[in-house]
Structure formats: C-alpha cells, structure tokens
Amino acid sequence: MQIFRGFRHPGVAPASAVTIGNFDGVHRGHQAMLGLLQTEARHRGLPSCVLTFEPHPRDYFAGVAKRPELAPARIATLRDKLSELQACGVAQTVVLPFDAQLASQSPAQFIDEVLVRGLGARYVLVGDDFRFGAKRAGDFAMLHAAGAARGFDVARMNSYEVSYPAAPGSGEGPRALRVSSSAVREALTAGRMDDAAALLGRPYAISGHVVHGRKLGRALGASAPGGTDGFRTLNLRFKHWKPAASGIFVVRVHGLGGRPLPGVANLGVRPSLDPNDVNGGRVLLETHCLEWPASLGPEGAYGKIVRVELLHKLHDELRYTSLEALTAGIAQDLADARAYFAAGSAGAAGSSHAETRRQTTRDRI
C-alpha cells in the first residue's frame with residue numbers, strides 16, 4: 001500500500017475509487033466497506049483509495065475550543081490504522097492534515113479540490129450519515145448530485161451488527177450491537193476485551209518500536225540486590241494522549257520469535273513512578289513477557305517492531321505507596337496472567353460472538 005501525506009504528490013494515482021473517513025480501529029464495519037470498495041475498484045479497473053485525517057477532526061475542534069474532554073479516546077495509533085488498511089488490501093491511503101484550512105473548506109470546495117482534482121475520484125463510497133465540509137454542511141444528497149454533474153459514481157452502505165449471547169440463566173435472547181468506533185471505544189474503556197475483539201474481528205492490539213525506558217522494572221523483583229533479572233519490560237509509546245483502553249492486561253506479544261509470547265502489560269502513565277523519567281508524561285505500553293527467547297539476550301528487543309494483543313483486563317492502574325508494594329502488585333498480576341493462560345482463555349477470546357449483516361444506520365467512519 002502506498003501512503004501519502006496530502007494529495008499533492010506525483011505518486012498519487014490519477015484516478016481512483018475512494019472512501020472517506022477516520023477509520024479509527026478499522027473495525028468490522030470498516031472492513032465491510034473496504035471489501036465493497038475493493039470489489040468496485042476492480043470492476044472499474046481503478047486502484048482503491050482511503051482518504052483519512054490526522055488528527056481526528058474532533059481532536060482538532062476540541063483543541064480550538066480548549067476543551068480536551070471533547071476529543072474522542074483513540075483506539076489506534078496512525079501506524080496501526082495504516083497497517084490494518086494495508087491488511088484489507090487498500091492500494092493507497094492519503095492522510096490529510098485536519099487543520100483550520102480543511103475545517104473551513106466548503107462542501108463544494110472539498111469535492112472540487114480534494115475528490116476531483118486531488119484524487120481523481122471515479123467512484124466514492126460513504127456511509128448513510130456521511131457529512132463533510134465546513135460546519136458539516138455537505139451530505140450524501142449533495143455528493144450524489146455533484147457526482148452526476150462531475151462524472152463520478154457515488155454509493156453508500158450500511159453496517160454490521162454483532163449478536164451477543166445472553167448471560168447464562170438470564171432467560172433473555174441474544175442482543176445485537178451496531179459495529180462502530182464508538183462501540184469499540186466503549187468496550188475498551190470498560191475493559192470488555194472480548195466484546196472489543198468481536199467488534200474489531202481480531203484481538204485489540206498495539207504495535208510499535210521497543211524504546212528505552214528507565215530500566216526500573218529489571219531491578220524490581222530481581223533475584224539478588226543489584227540484579228537485573230526482575231520484571232524486564234518492552235516499552236512502546238502510544239502516540240496519543242487519550243487511549244481508549246488503560247490499565248493492566250494479560251497480553252500476547254508478536255515479533256520476538258517464532259511464536260507469540262504470553263505476558264502482562266500496563267497501558268497508561270504509570271502513576272507510581274517518577275514523572276520526570278525518560279518517558280514521563282507519555283502514554284506507554286509496558287509489557288513483561290512471561291517467557292523470554294534466550295536468543296535475544298537481555299538487550300535484544302530494543303528497536304524491534306512488536307505487536308501486543310490485549311486479551312483480558314486485570315484491573316485499572318493503581319498507585320502504589322512504595323517500590324515494595326509495586327513489586328508485590330506486579331507479582332500478583334503475573335500470577336493472575338499465568339492462571340489465565342493455564343485456563344486456556346486466550347484461545348477463546350472473541351469466539352462467542354456471531355457476525356450478522358443488518359440494514360442499520362452506519363456509524364460515521
């Protein structure tokens with residue numbers, strides 16, 4: 001997949017089949033849309049193109065209003081979003097900076113400057129409630145009329161629902177939930193990782209380069225004073241200040257050997273540690289592997305790209321009053337994670353939910 005920052009680049013395809021949206025999480029509804037886009041692109045002999053935005057438009061408007069609470073929690077980093085779009089077979093993704101200029105662009109200007117002249121759109125696929133342009137003044141009817149006048153086809157689609165089994169003994173039937181980024185955020189915020197996996201079509205995961213940290217964990221729980229064989233961690237930066245998930249999780253780590261490694265991870269700001277450390281103030285995913293490949297050696301993971309699947313939430317972040325209490329808390333988390341894997345829970349994550357197509361109003365992508 002080719003990736004472009006903006007459309008003023010000679011490598012951008014001169015004509016394409018386009019869909020537009022934030023695609024936070026690239027959930028099952030997004031995947032259905034991208035599947036249809038691929039089909040229509042092949043039928044027309046065009047490359048498929050995703051037009052997305054960074055930052056999220058609601059991030060931008062929250063900043064303008066100086067009300068950070070209005071910004072949506074972020075499901076995925078840009079890296080992970082692009083990776084999932086590539087996995088869906090998208091030929092090119094154009095990332096537009098959402099700034100004052102784009103926010104003030106009228107719907108007609110957006111169609112002319114971005115879709116027609118910028119991307120050479122021959123086919124545009126959107127959701128039922130798609131809005132665009134300054135003050136969200138543009139809608140599907142306006143886009144459809146512009147397509148008829150400017151020579152590109154416009155289509156819209158509905159989304160999936162997932163069916164959740166009723167609680168045992170409740171006497172209730174399965175309940176259905178519309179697949180949307182909002183629903184994924186709610187599941188992650190509540191720590192319902194199986195529900196998030198059902199909505200995403202895969203376990204929720206974060207990837208990135210392993211970076212250096214304070215190296216405190218290796219001293220905690222060491223076998224001898226001054227030792228470094230304690231709770232060694234892989235540190236990944238989550239490059240957004242407001243992740244949808246946070247807390248302590250049972251995880252599975254990919255990218256350090258021939259098979260996934262079981263582990264425990266803390267996603268958040270580490271309230272028990274010194275805020276002046278090298279990663280202070282940043283959201284960090286710190287992962288301790290329950291097993292460690294001997295071939296890596298003690299320092300062999302730095303710089304590698306790993307993917308960490310968050311399978312089960314143990315608890316929220318806790319503030320410990322001492323390093324001794326922190327050490328005991330980590331040891332308990334490790335014991336709980338080993339019990340989780342021993343019970344075989346990891347293989348069943350997300351397996352109890354059925355996917356169904358429903359004609360429902362689709363969440364904005």
# chains A, B, ... in the order shown; residues from 1 in each chain; ligands from 1
call {"tool": "residues_around", "arguments": {"residues": "Glu69 in chain A", "least_positions_apart": "6", "cutoff": "10 Å", "atoms": "only C-alpha atoms", "output": "PyMOL selection string"}}
result
chain A and resi 59+62-63+242
call {"tool": "closest_atom_pairs", "arguments": {"of": "range 4-81 of chain A", "to": "range 188-205 of chain A", "cutoff": "9 Å", "atoms": "only C-alpha atoms", "output": "JSON lines"}}
result
{"residue": "A:Gly25", "atom": "CA", "partner": "A:Leu200", "partner_atom": "CA", "distance": 7.1}
{"residue": "A:Val26", "atom": "CA", "partner": "A:Leu200", "partner_atom": "CA", "distance": 7.0}
{"residue": "A:His27", "atom": "CA", "partner": "A:Leu200", "partner_atom": "CA", "distance": 4.1}
{"residue": "A:Arg28", "atom": "CA", "partner": "A:Leu200", "partner_atom": "CA", "distance": 5.4}
{"residue": "A:Gly29", "atom": "CA", "partner": "A:Leu199", "partner_atom": "CA", "distance": 8.3}
{"residue": "A:Gln31", "atom": "CA", "partner": "A:Leu200", "partner_atom": "CA", "distance": 9.0}
{"residue": "A:Ala73", "atom": "CA", "partner": "A:Thr189", "partner_atom": "CA", "distance": 8.7}
{"residue": "A:Ile75", "atom": "CA", "partner": "A:Leu188", "partner_atom": "CA", "distance": 8.2}
{"residue": "A:Ala76", "atom": "CA", "partner": "A:Ala205", "partner_atom": "CA", "distance": 8.4}
{"residue": "A:Asp80", "atom": "CA", "partner": "A:Ala205", "partner_atom": "CA", "distance": 8.4}
call {"tool": "residues_around", "arguments": {"residues": "Ala141 in chain A", "least_positions_apart": "5", "cutoff": "10 Å", "atoms": "only C-alpha atoms", "output": "list in words"}}
result
Phe130, Ala146, Gly147 and Val154 of chain A
call {"tool": "write_last_selection", "arguments": {"atoms": "N, CA, C and O atoms", "output": "mmCIF file, in the first residue's frame"}}
result
data_model
loop_
_atom_site.group_PDB
_atom_site.id
_atom_site.type_symbol
_atom_site.label_atom_id
_atom_site.label_comp_id
_atom_site.auth_asym_id
_atom_site.auth_seq_id
_atom_site.Cartn_x
_atom_site.Cartn_y
_atom_site.Cartn_z
ATOM 1 N N PHE A 130 -22.962 10.154 6.326
ATOM 2 C CA PHE A 130 -21.739 10.876 5.989
ATOM 3 C C PHE A 130 -22.010 12.376 5.841
ATOM 4 O O PHE A 130 -22.954 12.794 5.172
ATOM 5 N N ALA A 146 -23.340 16.084 -7.054
ATOM 6 C CA ALA A 146 -22.057 16.520 -7.606
ATOM 7 C C ALA A 146 -21.447 15.433 -8.471
ATOM 8 O O ALA A 146 -20.854 15.709 -9.523
ATOM 9 N N GLY A 147 -21.595 14.163 -8.045
ATOM 10 C CA GLY A 147 -21.070 13.063 -8.853
ATOM 11 C C GLY A 147 -21.729 12.992 -10.211
ATOM 12 O O GLY A 147 -21.056 12.783 -11.227
ATOM 13 N N VAL A 154 -21.399 7.626 -6.972
ATOM 14 C CA VAL A 154 -21.447 7.748 -5.513
ATOM 15 C C VAL A 154 -22.349 6.648 -4.968
ATOM 16 O O VAL A 154 -23.435 6.403 -5.507
#
call {"tool": "residues_around", "arguments": {"residues": "Val306 in chain A", "least_positions_apart": "4", "cutoff": "12 Å", "atoms": "only C-alpha atoms", "output": "PyMOL selection string"}}
result
chain A and resi 80+205-211+234-237+252-257+260-261+285-287+301-302
call {"tool": "write_last_selection", "arguments": {"atoms": "C-alpha atoms", "output": "mmCIF file, in the first residue's frame"}}
result
data_model
loop_
_atom_site.group_PDB
_atom_site.id
_atom_site.type_symbol
_atom_site.label_atom_id
_atom_site.label_comp_id
_atom_site.auth_asym_id
_atom_site.auth_seq_id
_atom_site.Cartn_x
_atom_site.Cartn_y
_atom_site.Cartn_z
ATOM 1 C CA ASP A 80 -1.791 0.609 13.445
ATOM 2 C CA ALA A 205 -3.551 -4.775 19.639
ATOM 3 C CA ILE A 206 -0.952 -2.011 19.750
ATOM 4 C CA SER A 207 2.293 -2.124 17.780
ATOM 5 C CA GLY A 208 5.455 -0.067 17.636
ATOM 6 C CA HIS A 209 9.196 0.079 18.156
ATOM 7 C CA VAL A 210 10.551 -1.065 21.507
ATOM 8 C CA VAL A 211 12.108 2.017 23.124
ATOM 9 C CA LEU A 234 9.165 -3.888 26.490
ATOM 10 C CA ASN A 235 8.224 -0.208 26.202
ATOM 11 C CA LEU A 236 6.033 1.047 23.349
ATOM 12 C CA ARG A 237 4.821 4.640 23.099
ATOM 13 C CA ARG A 252 0.255 -11.854 23.822
ATOM 14 C CA VAL A 253 3.400 -10.460 22.149
ATOM 15 C CA HIS A 254 4.219 -10.996 18.468
ATOM 16 C CA GLY A 255 7.508 -10.201 16.759
ATOM 17 C CA LEU A 256 10.150 -11.547 19.124
ATOM 18 C CA GLY A 257 10.411 -15.110 17.869
ATOM 19 C CA PRO A 260 3.607 -15.389 20.336
ATOM 20 C CA LEU A 261 4.810 -14.841 23.901
ATOM 21 C CA LEU A 285 2.564 0.311 26.944
ATOM 22 C CA GLU A 286 4.968 -1.567 29.224
ATOM 23 C CA THR A 287 4.952 -5.329 28.686
ATOM 24 C CA ALA A 301 14.432 -6.358 21.802
ATOM 25 C CA TYR A 302 15.312 -2.651 21.570
#
call {"tool": "atom_distance", "arguments": {"atom1": "CA of Gln2 in chain A", "atom2": "CA of Leu85 in chain A"}}
result
10.7 Å
call {"tool": "closest_residue", "arguments": {"among": "A:Ser159, A:Glu172, A:Lys239, A:Tyr123", "to": "Pro55 in chain A", "atoms": "only C-alpha atoms"}}
result
A:Lys239
call {"tool": "select_by_dssp", "arguments": {"residues": "range 306-340 of chain A", "states": "strand (DSSP E)", "output": "list in words"}}
result
Val306, Arg307, Val308, Glu309, Leu310, Leu311, His312, Lys313, Leu314 and His315 of chain A
call {"tool": "residues_around", "arguments": {"residues": "Met1 in chain A", "least_positions_apart": "4", "cutoff": "9 Å", "atoms": "only C-alpha atoms", "output": "MDAnalysis selection string"}}
result
chainID A and resid 82 85:86 89:93
call {"tool": "write_last_selection", "arguments": {"atoms": "N, CA, C and O atoms", "output": "mmCIF file, in the first residue's frame"}}
result
data_model
loop_
_atom_site.group_PDB
_atom_site.id
_atom_site.type_symbol
_atom_site.label_atom_id
_atom_site.label_comp_id
_atom_site.auth_asym_id
_atom_site.auth_seq_id
_atom_site.Cartn_x
_atom_site.Cartn_y
_atom_site.Cartn_z
ATOM 1 N N LEU A 82 -2.915 2.389 9.614
ATOM 2 C CA LEU A 82 -2.377 2.159 8.276
ATOM 3 C C LEU A 82 -2.066 0.685 8.048
ATOM 4 O O LEU A 82 -2.279 0.149 6.957
ATOM 5 N N LEU A 85 -5.370 -1.029 7.334
ATOM 6 C CA LEU A 85 -5.855 -0.682 5.991
ATOM 7 C C LEU A 85 -5.100 -1.473 4.934
ATOM 8 O O LEU A 85 -5.679 -1.962 3.957
ATOM 9 N N GLN A 86 -3.802 -1.612 5.130
ATOM 10 C CA GLN A 86 -2.999 -2.418 4.205
ATOM 11 C C GLN A 86 -3.459 -3.871 4.217
ATOM 12 O O GLN A 86 -3.563 -4.511 3.163
ATOM 13 N N GLY A 89 -6.202 -4.733 1.955
ATOM 14 C CA GLY A 89 -5.954 -4.704 0.519
ATOM 15 C C GLY A 89 -6.043 -3.343 -0.131
ATOM 16 O O GLY A 89 -6.072 -3.250 -1.369
ATOM 17 N N VAL A 90 -6.079 -2.269 0.651
ATOM 18 C CA VAL A 90 -6.177 -0.921 0.082
ATOM 19 C C VAL A 90 -4.900 -0.611 -0.712
ATOM 20 O O VAL A 90 -3.786 -0.886 -0.251
ATOM 21 N N ALA A 91 -5.059 -0.029 -1.895
ATOM 22 C CA ALA A 91 -3.908 0.262 -2.749
ATOM 23 C C ALA A 91 -3.163 1.516 -2.316
ATOM 24 O O ALA A 91 -1.931 1.561 -2.340
ATOM 25 N N GLN A 92 -3.900 2.565 -1.925
ATOM 26 C CA GLN A 92 -3.248 3.784 -1.468
ATOM 27 C C GLN A 92 -4.086 4.458 -0.393
ATOM 28 O O GLN A 92 -5.317 4.404 -0.413
ATOM 29 N N THR A 93 -3.399 5.063 0.558
ATOM 30 C CA THR A 93 -4.060 5.849 1.603
ATOM 31 C C THR A 93 -3.480 7.250 1.590
ATOM 32 O O THR A 93 -2.260 7.422 1.587
#
call {"tool": "atom_distance", "arguments": {"atom1": "CA of Ser83 in chain A", "atom2": "CA of Arg307 in chain A"}}
result
11.1 Å
call {"tool": "residues_around", "arguments": {"residues": "Ser246 in chain A", "least_positions_apart": "3", "cutoff": "7 Å", "atoms": "only C-alpha atoms", "output": "list in words"}}
result
Pro243, Leu267, Gly268 and Asp316 of chain A
call {"tool": "write_last_selection", "arguments": {"atoms": "N, CA, C and O atoms", "output": "tab-separated table (two decimals), in the first residue's frame"}}
result
chain	number	residue	atom	x	y	z
A	243	PRO	N	-5.73	7.26	25.20
A	243	PRO	CA	-6.06	5.94	24.65
A	243	PRO	C	-7.42	5.46	25.14
A	243	PRO	O	-7.84	5.77	26.26
A	267	LEU	N	-0.87	-0.28	30.36
A	267	LEU	CA	-1.10	0.79	29.38
A	267	LEU	C	-1.57	2.02	30.12
A	267	LEU	O	-2.65	2.00	30.74
A	268	GLY	N	-0.76	3.08	30.10
A	268	GLY	CA	-1.14	4.30	30.80
A	268	GLY	C	0.06	5.16	31.12
A	268	GLY	O	1.06	5.14	30.38
A	316	ASP	N	-7.59	-1.65	36.76
A	316	ASP	CA	-7.13	-0.31	36.40
A	316	ASP	C	-5.72	-0.08	36.94
A	316	ASP	O	-5.23	-0.82	37.80
